[in-house]
Structures are given as structure tokens and as C-alpha cells.
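Below is one structure, written out as C-alpha cells; comments come after it.
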Amino acid sequence: MLDKNIQIITCPVCGHQYLPSEIFFPEDLVGKPTEIVKDNLGKIDFYLGEDQNLVEEYVCDGCGTHLTITAQVIFKPEVTENKFDEEYVSKFTKPKKLILEESSLFD
């Protein structure tokens, strides 16, 4: 049974279905920046690297129709209620000092 959140690409001619991973490479959907430069407020000034590629050409396996497939990627940030505050707190405890007896190596 397919997960209802999975998006399926369907050929408009014959109905042959594809998963997005059959058509697109993951790095094409999100791009591949190699360097990102931001200002003091965290806004992106510019970046170097590969842009997103949201349009792919594909020949249908079912009927041979040449398809142009356009992805619509949506990123939806939402505020969560500090659910990570307790889980990811690192606490450092300093170990007690050990007092070692001095001994001579030449005795």
C-alpha cells in the first residue's frame, strides 16, 4: 500500500506512473551550493554552485511519449514549541582531580 503523502507522476497519455526518484536526482531538486555568503542579518547575498533544476525531460516507458515534467517544491517552515530544549542539552561535568603519588623511575 502506498503512503498517501507520496507524490506520483502520471503520464497524461497512457497513465503509466512514476515515483519522483525515477525522474529526478535528489540534488537537482534542492540544488548543490558550494559556498553561501550571507549578510549580518542572515539574508543570502549570493551563492556559488549549482541551481535547482525543477524541469526534467523524460520519455514514457509505457507509450513512448516525450514528457516535460516540472517539479513544484515547497518548503514550509513552522515554529515548534521548543521540543528540543531538553533532548539535546549537553551537560559537562568536570571530573574530580586525582592526586597521584610521585615515584622515581630510577629507584
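Labels used: A, B, ... for chains in the order of the C-alpha cells, numbers from 1 for residues in each chain, and numbers from 1 for ligands as shown.
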- request: Run DSSP on the backbone and give me the residues of range 12-74 of chain A it puts in strand (DSSP E), as a PyMOL selection string.
  value: chain A and resi 17-18+32-38+44-50+55-59+66-70
query: Quick one: residues within 6 Å of range 7-9 of chain A, only C-alpha atoms counted, chain neighbours fewer than 5 positions away excluded, as a list in words?
result: Gln17, Tyr18 and Leu19 of chain A
- prompt: Of the candidates A:His16, A:Asp45, A:Phe92, A:Leu54, which shows the shortest atom-to-atom distance to Ile74 in chain A, using only C-alpha atoms?
  reply: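 Once distances to Ile74 in chain A are computed over only C-alpha atoms, the minimum belongs to A:Leu54.
Within range 14-46 of chain A, DSSP run on the backbone puts these residues in alpha helix (DSSP H): A:Pro20, A:Ser21, A:Glu22, A:Ile23, A:Pro26, A:Glu27, A:Asp28, A:Leu29, A:Val30.
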query: Do you know which residues are at most 6 Å from Glu50 in chain A counting only C-alpha atoms, after dropping those on the same chain fewer than 2 positions away, and could you put them as a list in words?
result: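 That gives Gly31, Lys32 and Pro33 of chain A.
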message: I'd like the neighbourhood of Val55 in chain A as JSON, numbers by chain, where a residue qualifies if any of its atoms comes within 7 Å (using only C-alpha atoms), though same-chain residues fewer than 4 positions away should be ignored.
response: {"A": [68, 69, 70, 71]}
